[in-house]
Structures are given as structure tokens and as C-alpha cells.
>>> print(open('start-v7.txt').read())   # compact mmCIF, C-alpha atoms
# COMPACT_ATOMS: atom_id res chain seq x y z
CA MET A 63 4.21 -37.54 -11.96
CA ASP A 64 3.56 -35.23 -9.06
CA CYS A 65 6.87 -34.48 -7.36
CA TRP A 66 5.20 -33.10 -4.22
CA ARG A 67 5.13 -35.43 -1.25
CA LYS A 68 3.35 -35.07 2.02
CA PRO A 69 5.83 -34.23 4.82
CA THR A 70 6.62 -37.12 7.12
CA ARG A 71 5.97 -36.94 10.84
CA SER A 72 9.69 -36.45 11.54
CA THR A 73 9.83 -33.59 9.02
CA ARG A 74 6.81 -31.89 10.58
CA THR A 75 8.36 -32.28 14.03
CA TYR A 76 11.61 -30.74 12.80
CA LEU A 77 9.80 -27.78 11.23
CA ALA A 78 7.79 -27.18 14.39
CA LEU A 79 10.98 -27.28 16.48
CA PHE A 80 12.68 -24.89 14.06
CA GLY A 81 9.80 -22.43 14.34
CA THR A 82 9.81 -22.62 18.13
CA ARG A 83 13.54 -22.10 18.53
CA MET A 84 14.37 -19.75 15.64
CA ARG A 85 11.12 -17.75 15.71
CA PRO A 86 11.20 -16.62 12.05
CA PRO A 87 9.21 -13.46 11.26
CA LEU A 88 5.53 -13.91 10.51
CA ARG A 89 4.54 -13.81 6.86
CA ALA A 90 1.12 -12.85 5.59
CA TRP A 91 -0.12 -15.53 3.22
CA PRO A 92 -2.62 -14.62 0.46
CA GLU A 93 -5.65 -16.19 2.08
CA SER A 94 -8.91 -16.34 0.15
CA GLU A 95 -10.45 -13.29 1.81
CA ARG A 96 -7.45 -11.11 1.08
CA LEU A 97 -7.41 -12.28 -2.53
CA GLN A 98 -11.07 -11.42 -2.77
CA LEU A 99 -10.41 -7.95 -1.34
CA ALA A 100 -7.51 -7.46 -3.75
CA ALA A 101 -9.71 -8.47 -6.70
CA TRP A 102 -12.43 -5.96 -5.75
CA VAL A 103 -9.91 -3.16 -5.27
CA ALA A 104 -8.16 -4.01 -8.54
CA ARG A 105 -11.46 -3.94 -10.42
CA ALA A 106 -12.35 -0.53 -9.00
CA GLN A 107 -8.91 0.78 -10.01
CA GLN A 108 -9.35 -0.57 -13.54
CA LEU A 109 -12.60 1.34 -13.94
CA ILE A 110 -11.06 4.51 -12.50
CA VAL A 111 -8.26 4.31 -15.07
CA GLU A 112 -10.80 3.74 -17.84
CA ARG A 113 -12.78 6.78 -16.72
CA ALA A 114 -9.64 8.92 -16.71
CA THR A 115 -8.91 7.77 -20.27
CA GLU A 116 -12.43 8.66 -21.38
CA ARG A 117 -12.13 12.10 -19.77
CA THR A 118 -8.99 12.68 -21.83
CA ARG A 119 -10.90 11.64 -24.96
CA LEU A 120 -13.66 14.08 -24.03
CA GLN A 121 -11.18 16.96 -23.97
CA GLN A 122 -9.96 15.98 -27.43
CA ALA A 123 -13.40 15.45 -28.98
CA SER A 124 -14.94 18.37 -30.86
CA GLU A 125 -17.90 16.80 -32.68
CA PRO A 126 -21.09 17.07 -30.52
CA ALA A 127 -22.28 13.51 -31.24
CA LEU A 128 -18.86 12.11 -30.37
CA ARG A 129 -18.73 14.09 -27.13
CA LYS A 130 -22.13 12.74 -26.13
CA SER A 131 -20.91 9.19 -26.71
CA VAL A 132 -17.88 9.75 -24.49
CA GLU A 133 -20.02 11.44 -21.83
CA ARG A 134 -22.36 8.43 -21.72
CA VAL A 135 -19.42 6.10 -21.14
CA ILE A 136 -18.05 8.37 -18.40
CA ALA A 137 -21.44 8.44 -16.69
CA PHE A 138 -21.74 4.65 -16.88
CA LEU A 139 -18.24 4.15 -15.45
CA GLY A 140 -19.00 6.59 -12.64
CA LYS A 141 -22.09 4.64 -11.64
CA GLU A 142 -20.26 1.31 -11.82
CA ILE A 143 -17.37 2.64 -9.71
CA ALA A 144 -19.82 3.94 -7.10
CA ARG A 145 -21.62 0.58 -7.09
CA LEU A 146 -18.39 -1.37 -6.65
CA GLU A 147 -17.14 0.89 -3.87
CA LYS A 148 -20.47 0.62 -2.06
CA GLN A 149 -20.38 -3.18 -2.25
CA LEU A 150 -16.73 -3.25 -1.19
CA THR A 151 -17.39 -0.99 1.80
CA ALA A 152 -20.34 -3.16 2.87
CA TRP A 153 -18.29 -6.34 2.53
CA VAL A 154 -15.42 -4.96 4.62
CA ALA A 155 -17.82 -3.59 7.25
CA ALA A 156 -19.32 -7.07 7.61
CA SER A 157 -15.90 -8.51 8.46
CA GLU A 158 -14.74 -7.76 11.99
CA THR A 159 -11.10 -8.34 11.07
CA TRP A 160 -11.07 -6.13 7.98
CA SER A 161 -13.15 -3.36 9.54
CA GLU A 162 -10.88 -3.18 12.60
CA GLN A 163 -7.70 -3.08 10.52
CA ALA A 164 -9.11 -0.46 8.15
CA ALA A 165 -10.25 1.67 11.09
CA LEU A 166 -6.78 1.39 12.64
CA LEU A 167 -5.07 2.59 9.45
CA ARG A 168 -7.51 5.48 9.10
CA THR A 169 -6.27 6.97 12.38
CA ALA A 170 -3.09 8.01 10.55
CA PRO A 171 -2.98 11.44 8.85
CA GLY A 172 -3.63 11.32 5.13
CA VAL A 173 -5.07 7.80 5.22
CA GLY A 174 -8.73 7.67 4.22
CA GLY A 175 -11.06 4.74 3.73
CA LYS A 176 -10.04 3.96 0.13
CA THR A 177 -6.35 4.25 0.96
CA ALA A 178 -6.74 1.89 3.91
CA LEU A 179 -8.47 -0.75 1.78
CA ARG A 180 -5.83 -0.57 -0.95
CA LEU A 181 -3.06 -0.96 1.62
CA LEU A 182 -4.77 -4.00 3.13
CA ALA A 183 -5.31 -5.52 -0.31
CA GLN A 184 -1.96 -4.75 -1.92
CA LEU A 185 0.42 -4.83 1.06
CA PRO A 186 -0.51 -7.88 3.18
CA GLU A 187 2.97 -7.85 4.74
CA LEU A 188 2.12 -4.64 6.62
CA GLY A 189 2.73 -5.30 10.31
CA HIS A 190 4.36 -8.69 9.67
CA VAL A 191 7.88 -7.67 8.61
CA ASN A 192 10.50 -5.28 9.98
CA ARG A 193 10.97 -1.66 8.96
CA ARG A 194 13.68 -2.31 6.37
CA GLN A 195 11.76 -5.13 4.73
CA ILE A 196 8.54 -3.12 4.42
CA ALA A 197 10.43 -0.14 2.96
CA ALA A 198 12.11 -2.40 0.39
CA LEU A 199 8.83 -4.12 -0.52
CA VAL A 200 7.18 -0.78 -1.33
CA GLY A 201 10.30 0.67 -2.95
CA VAL A 202 10.95 3.63 -0.64
CA ALA A 203 14.20 2.31 0.83
CA PRO A 204 17.19 4.44 -0.29
CA PHE A 205 19.82 2.50 -2.23
CA ALA A 206 23.42 3.65 -2.52
CA SER A 207 25.16 4.18 -5.86
CA ASP A 208 28.73 4.03 -4.55
CA SER A 209 31.88 2.78 -6.24
CA GLY A 210 35.16 2.73 -4.35
CA LYS A 211 35.66 6.14 -2.79
CA TRP A 212 33.01 7.71 -5.00
CA ARG A 213 29.67 8.33 -3.28
CA GLY A 214 26.67 8.69 -5.52
CA ARG A 215 23.20 9.99 -4.79
CA ARG A 216 20.84 7.76 -2.84
CA SER A 217 17.76 6.74 -4.78
CA ILE A 218 14.75 4.46 -4.56
CA ARG A 219 13.92 1.71 -7.01
CA GLY A 220 11.79 -1.37 -7.46
CA GLY A 221 9.00 -2.27 -5.10
CA ARG A 222 5.26 -2.03 -5.63
CA ALA A 223 4.54 1.05 -7.68
CA GLY A 224 0.82 0.98 -6.91
CA VAL A 225 1.36 1.02 -3.15
CA ARG A 226 4.03 3.70 -3.51
CA ALA A 227 1.58 5.88 -5.42
CA ILE A 228 -0.96 5.43 -2.62
CA LEU A 229 1.59 6.53 -0.04
CA TYR A 230 2.56 9.60 -2.10
CA LEU A 231 -1.05 10.76 -2.23
CA ALA A 232 -1.50 10.11 1.49
CA SER A 233 1.72 11.99 2.22
CA TRP A 234 0.55 15.03 0.23
CA SER A 235 -2.56 15.14 2.39
CA ALA A 236 -0.57 14.59 5.59
CA VAL A 237 1.89 17.46 4.98
CA ARG A 238 -1.01 19.86 4.47
CA ALA A 239 -2.38 19.15 7.94
CA ALA A 240 -0.84 20.20 11.23
CA GLY A 241 1.19 17.44 12.81
CA ALA A 242 4.53 15.68 13.03
CA LEU A 243 4.67 14.76 9.33
CA LYS A 244 4.13 18.36 8.24
CA THR A 245 6.85 19.50 10.64
CA PHE A 246 9.18 16.81 9.29
CA TYR A 247 8.45 17.85 5.69
CA GLN A 248 9.02 21.54 6.38
CA ARG A 249 12.28 20.77 8.15
CA LEU A 250 13.55 18.90 5.08
CA LEU A 251 12.57 21.77 2.78
CA ALA A 252 14.32 24.24 5.07
CA ALA A 253 17.45 22.07 4.84
CA GLY A 254 17.41 22.49 1.06
CA LYS A 255 15.85 19.17 0.04
CA PRO A 256 13.81 19.21 -3.21
CA LYS A 257 10.07 18.84 -2.69
CA GLN A 258 9.96 15.42 -4.35
CA VAL A 259 12.81 14.11 -2.19
CA ALA A 260 11.14 15.49 0.94
CA LEU A 261 7.84 13.88 0.00
CA ILE A 262 9.48 10.50 -0.51
CA ALA A 263 11.02 10.82 2.95
CA VAL A 264 7.57 11.60 4.38
CA ALA A 265 6.08 8.61 2.55
CA ARG A 266 8.74 6.35 4.03
CA LYS A 267 8.16 7.78 7.50
CA LEU A 268 4.41 7.25 7.13
CA LEU A 269 4.91 3.67 5.91
CA LEU A 270 7.13 2.79 8.86
CA ALA A 271 4.56 4.24 11.24
CA LEU A 272 1.73 2.28 9.61
CA ASN A 273 3.80 -0.88 9.83
CA GLU A 274 4.36 -0.32 13.54
CA MET A 275 0.68 0.47 14.06
CA MET A 276 -0.38 -2.79 12.43
CA ARG A 277 2.25 -4.74 14.36
CA SER A 278 1.25 -3.32 17.75
CA GLY A 279 -2.45 -2.81 17.10
CA GLN A 280 -2.12 0.76 18.42
CA PRO A 281 -3.66 3.79 16.64
CA TRP A 282 -1.69 6.71 15.29
CA ARG A 283 0.18 8.89 17.71
CA SER A 284 2.85 11.48 17.00
CA ALA A 285 5.35 9.18 18.68
CA ASN A 286 4.86 6.68 15.86
CA VAL A 287 6.63 8.91 13.34
CA ALA A 288 9.70 9.10 15.56
CA ILE A 289 10.83 5.77 14.04
CA PRO A 290 14.38 6.27 12.73
CA ALA A 291 14.42 7.16 9.03
>>> encode(input="start-v7.txt", output="C-alpha cells")
Amino acid sequence: MDCWRKPTRSTRTYLALFGTRMRPPLRAWPESERLQLAAWVARAQQLIVERATERTRLQQASEPALRKSVERVIAFLGKEIARLEKQLTAWVAASETWSEQAALLRTAPGVGGKTALRLLAQLPELGHVNRRQIAALVGVAPFASDSGKWRGRRSIRGGRAGVRAILYLASWSAVRAAGALKTFYQRLLAAGKPKQVALIAVARKLLLALNEMMRSGQPWRSANVAIPA
């Protein structure tokens, strides 16, 4: 027996009143278009991983016939990846909503077309939750390891590893270009922070700025990265 029942009119009225008075934060639901985008992006990533595996096999292969077999597979995967990315780009360009959001994200340093699409596909909450929630979702929020008077090192854990990897790559690009993120990164290094720790801090700063950009609909400006860390 199906235990789900259609809400009564009084229940719907109560929920509407609750939403009006309490104003809960907006949540991005996995609508069909976003699921389709996520599926395309996931497929492209699967093929990229397969190609990387085949390239490793190529380095290990010594027999000429075996190398040719691996090279054929690598060539095929390269063509299929290019075909998928071309179709994905065309599909996004045909959607006013997706193309505008992708263009907005690309105004940020280190964020290219592929990075923007993966963020849209794998982080639908971007722009819909507050700064602490988005940092926790991705796994770049520092957690304390304290006990009584003892204070342990802050660390990050959990979250979406795929999105975090995207942000790391974007951050590496951002700190190589002139701008507020590079200045922030260099300041952390000068203060004695390890490179990996400094990069995580940059990734978190970039994420918070992207979240604010999506919330406000405003493109990147240096002022965006002034969000408290």
C-alpha cells in the first residue's frame, strides 16, 4: 500500500504560510535539465579517466603490437570525448539559462568553460545556500579537532570530492594570474603556511565568491574575494 497521501488544502495553506513568514533558504532541486547536464558531464569524465588509464598502460607496454592496440583505444577515446564535449557545449549554448550561468562563472579567475559546466552540474546549490553551507557541501570548511583545553589542527573533511578537485585546479590557475587571489595566496605563503594549506584557503575563497556571484547575478570583481574566510 502506498503510504504517500496528497496534502490536504489546510496542509498546503499551512506550508504556504510557513514559507511566507519563515522564508527558509532556497534549495536547488535536481530538475530534469540539471540531471541531463550532470549525466553528460559524468560521461565525459568517465571517458577522460579511461583515457588516462590507457595512457598509463601505453607507458608500461613494450611490445609494438600491444602499443598499437593501446594507441588505437586512446585515439578512439579522444575522438569520443571531443564529440561529447562539442554536443554538450552546443546543448548548453542553446539554453538561455545555462549559457548565462556558465558565462557568469567564467568571469572568475581560473574558471574556464569546462569548470563552469561541472560546477553547474555537480553543485546545484551554488548561489542558493549561505557561505558556511556551501563550504561544508564541498568539503573546504575547516573543522576543529579540539578536546578540553587541547587545540588540534584545523582540517577539512567530507564533502564532494569531485567538486573540490575542480576548485583546486581552478585555484592553481588563479594564483598564477595577477589579481586578488594571487595576492591572498602569496600572503599566506609569506606567513609560513604550507602550499597545500594556502591552496585550500584560496579554493575556499574562490568558492565563496562564486556562491555570491550566483546569488547576486553579478560578475567577478576583486571585491567578491573580500568575503570573510
>>> residues_around(input="start-v7.txt", residues="Ile110 (chain A)", least_positions_apart="6", cutoff="10 Å", atoms="all atoms listed in the file", output="PDB file with C-alpha atoms, in the frame of the given file")
ATOM      1  CA  ALA A 104      -8.160  -4.010  -8.540  1.00  0.00           C
ATOM      2  CA  GLU A 116     -12.430   8.660 -21.380  1.00  0.00           C
ATOM      3  CA  ILE A 136     -18.050   8.370 -18.400  1.00  0.00           C
ATOM      4  CA  LEU A 139     -18.240   4.150 -15.450  1.00  0.00           C
ATOM      5  CA  GLY A 140     -19.000   6.590 -12.640  1.00  0.00           C
ATOM      6  CA  GLU A 142     -20.260   1.310 -11.820  1.00  0.00           C
ATOM      7  CA  ILE A 143     -17.370   2.640  -9.710  1.00  0.00           C
TER       8      ILE A 143
END
>>> residues_around(input="start-v7.txt", residues="region 149-163 of chain A", least_positions_apart="3", cutoff="10 Å", atoms="all atoms listed in the file", output="PDB file with C-alpha atoms, in the coordinates of the input")
ATOM      1  CA  GLU A  95     -10.450 -13.290   1.810  1.00  0.00           C
ATOM      2  CA  ARG A  96      -7.450 -11.110   1.080  1.00  0.00           C
ATOM      3  CA  LEU A  99     -10.410  -7.950  -1.340  1.00  0.00           C
ATOM      4  CA  TRP A 102     -12.430  -5.960  -5.750  1.00  0.00           C
ATOM      5  CA  VAL A 103      -9.910  -3.160  -5.270  1.00  0.00           C
ATOM      6  CA  ALA A 106     -12.350  -0.530  -9.000  1.00  0.00           C
ATOM      7  CA  ILE A 143     -17.370   2.640  -9.710  1.00  0.00           C
ATOM      8  CA  ALA A 144     -19.820   3.940  -7.100  1.00  0.00           C
ATOM      9  CA  ARG A 145     -21.620   0.580  -7.090  1.00  0.00           C
ATOM     10  CA  LEU A 146     -18.390  -1.370  -6.650  1.00  0.00           C
ATOM     11  CA  LEU A 166      -6.780   1.390  12.640  1.00  0.00           C
ATOM     12  CA  LEU A 167      -5.070   2.590   9.450  1.00  0.00           C
ATOM     13  CA  ARG A 168      -7.510   5.480   9.100  1.00  0.00           C
ATOM     14  CA  GLY A 175     -11.060   4.740   3.730  1.00  0.00           C
ATOM     15  CA  LYS A 176     -10.040   3.960   0.130  1.00  0.00           C
ATOM     16  CA  ALA A 178      -6.740   1.890   3.910  1.00  0.00           C
ATOM     17  CA  LEU A 179      -8.470  -0.750   1.780  1.00  0.00           C
ATOM     18  CA  LEU A 182      -4.770  -4.000   3.130  1.00  0.00           C
ATOM     19  CA  MET A 275       0.680   0.470  14.060  1.00  0.00           C
ATOM     20  CA  MET A 276      -0.380  -2.790  12.430  1.00  0.00           C
ATOM     21  CA  GLY A 279      -2.450  -2.810  17.100  1.00  0.00           C
TER      22      GLY A 279
END
>>> residues_around(input="start-v7.txt", residues="Ile196 (chain A)", least_positions_apart="6", cutoff="9 Å", atoms="only C-alpha atoms", output="JSON, numbers by chain")
{"A": [185, 187, 188, 189, 190, 202, 203, 269, 270, 273]}
>>> write_last_selection(input="start-v7.txt", atoms="C-alpha atoms", output="compact mmCIF listing (two decimals), keeping the file's coordinate frame")
# COMPACT_ATOMS: atom_id res chain seq x y z
CA LEU A 185 0.42 -4.83 1.06
CA GLU A 187 2.97 -7.85 4.74
CA LEU A 188 2.12 -4.64 6.62
CA GLY A 189 2.73 -5.30 10.31
CA HIS A 190 4.36 -8.69 9.67
CA VAL A 202 10.95 3.63 -0.64
CA ALA A 203 14.20 2.31 0.83
CA LEU A 269 4.91 3.67 5.91
CA LEU A 270 7.13 2.79 8.86
CA ASN A 273 3.80 -0.88 9.83
>>> atom_distance(input="start-v7.txt", atom1="CA of Leu109 (chain A)", atom2="CA of Val135 (chain A)")
11.0 Å
>>> closest_residue(input="start-v7.txt", among="A:Arg222, A:Ala165, A:Val264, A:Ser233", to="Tyr247 (chain A)", atoms="all atoms listed in the file")
A:Val264
>>> closest_residue(input="start-v7.txt", among="A:Leu272, A:Ala265, A:Ala137, A:Gly172", to="Glu112 (chain A)", atoms="all atoms listed in the file")
A:Ala137
>>> residues_around(input="start-v7.txt", residues="region 249-261 of chain A", least_positions_apart="5", cutoff="10 Å", atoms="all atoms listed in the file", output="count of residues only")
11
>>> atom_distance(input="start-v7.txt", atom1="CA of Ala114 (chain A)", atom2="CA of Arg226 (chain A)")
19.7 Å
>>> build_atoms(input="start-v7.txt", residues="region 220-231 of chain A", atoms="all heavy atoms", output="short mmCIF file (atom, residue, chain, number, x, y, z; two decimals), in the frame of the given file")
data_model
loop_
_atom_site.label_atom_id
_atom_site.label_comp_id
_atom_site.auth_asym_id
_atom_site.auth_seq_id
_atom_site.Cartn_x
_atom_site.Cartn_y
_atom_site.Cartn_z
N GLY A 220 12.51 -0.12 -7.66
CA GLY A 220 11.79 -1.37 -7.46
C GLY A 220 10.57 -1.20 -6.57
O GLY A 220 10.03 -0.11 -6.40
N GLY A 221 10.14 -2.30 -6.01
CA GLY A 221 9.00 -2.27 -5.10
C GLY A 221 7.67 -2.23 -5.84
O GLY A 221 7.61 -2.36 -7.06
N ARG A 222 6.62 -2.03 -5.09
CA ARG A 222 5.26 -2.03 -5.63
C ARG A 222 4.82 -0.60 -5.95
O ARG A 222 4.50 0.18 -5.06
CB ARG A 222 4.32 -2.68 -4.61
CG ARG A 222 4.70 -4.13 -4.35
CD ARG A 222 3.88 -4.77 -3.27
NE ARG A 222 4.49 -6.04 -2.90
CZ ARG A 222 4.09 -6.80 -1.89
NH1 ARG A 222 3.05 -6.43 -1.17
NH2 ARG A 222 4.71 -7.94 -1.61
N ALA A 223 4.83 -0.31 -7.24
CA ALA A 223 4.54 1.05 -7.68
C ALA A 223 3.15 1.51 -7.26
O ALA A 223 2.96 2.68 -6.91
CB ALA A 223 4.69 1.13 -9.20
N GLY A 224 2.18 0.61 -7.29
CA GLY A 224 0.82 0.98 -6.91
C GLY A 224 0.72 1.41 -5.46
O GLY A 224 0.08 2.42 -5.14
N VAL A 225 1.37 0.67 -4.57
CA VAL A 225 1.36 1.02 -3.15
C VAL A 225 2.13 2.31 -2.93
O VAL A 225 1.72 3.16 -2.13
CB VAL A 225 1.96 -0.12 -2.30
CG1 VAL A 225 2.00 0.26 -0.82
CG2 VAL A 225 1.15 -1.40 -2.48
N ARG A 226 3.23 2.48 -3.65
CA ARG A 226 4.03 3.70 -3.51
C ARG A 226 3.22 4.93 -3.92
O ARG A 226 3.28 5.98 -3.28
CB ARG A 226 5.30 3.58 -4.34
CG ARG A 226 6.34 4.65 -4.04
CD ARG A 226 7.72 4.25 -4.53
NE ARG A 226 7.74 3.97 -5.95
CZ ARG A 226 7.95 2.75 -6.48
NH1 ARG A 226 8.14 1.71 -5.68
NH2 ARG A 226 7.97 2.58 -7.79
N ALA A 227 2.43 4.77 -4.97
CA ALA A 227 1.58 5.88 -5.42
C ALA A 227 0.54 6.22 -4.35
O ALA A 227 0.24 7.41 -4.11
CB ALA A 227 0.89 5.51 -6.73
N ILE A 228 0.00 5.20 -3.70
CA ILE A 228 -0.96 5.43 -2.62
C ILE A 228 -0.32 6.24 -1.50
O ILE A 228 -0.89 7.20 -0.97
CB ILE A 228 -1.47 4.09 -2.04
CG1 ILE A 228 -2.19 3.29 -3.10
CG2 ILE A 228 -2.39 4.31 -0.84
CD1 ILE A 228 -2.48 1.87 -2.67
N LEU A 229 0.90 5.85 -1.13
CA LEU A 229 1.59 6.53 -0.04
C LEU A 229 1.92 7.97 -0.41
O LEU A 229 1.87 8.87 0.44
CB LEU A 229 2.87 5.78 0.32
CG LEU A 229 2.69 4.48 1.11
CD1 LEU A 229 4.01 3.76 1.23
CD2 LEU A 229 2.11 4.77 2.49
N TYR A 230 2.28 8.23 -1.67
CA TYR A 230 2.56 9.60 -2.10
C TYR A 230 1.34 10.49 -1.91
O TYR A 230 1.42 11.60 -1.37
CB TYR A 230 2.98 9.62 -3.57
CG TYR A 230 4.37 9.10 -3.84
CD1 TYR A 230 4.76 8.74 -5.13
CD2 TYR A 230 5.30 8.96 -2.82
CE1 TYR A 230 6.04 8.25 -5.38
CE2 TYR A 230 6.57 8.48 -3.06
CZ TYR A 230 6.94 8.13 -4.35
OH TYR A 230 8.20 7.65 -4.60
N LEU A 231 0.19 9.98 -2.35
CA LEU A 231 -1.05 10.76 -2.23
C LEU A 231 -1.39 11.00 -0.76
O LEU A 231 -1.79 12.10 -0.38
CB LEU A 231 -2.19 10.03 -2.93
CG LEU A 231 -2.09 9.95 -4.46
CD1 LEU A 231 -3.23 9.12 -5.02
CD2 LEU A 231 -2.09 11.35 -5.08
#
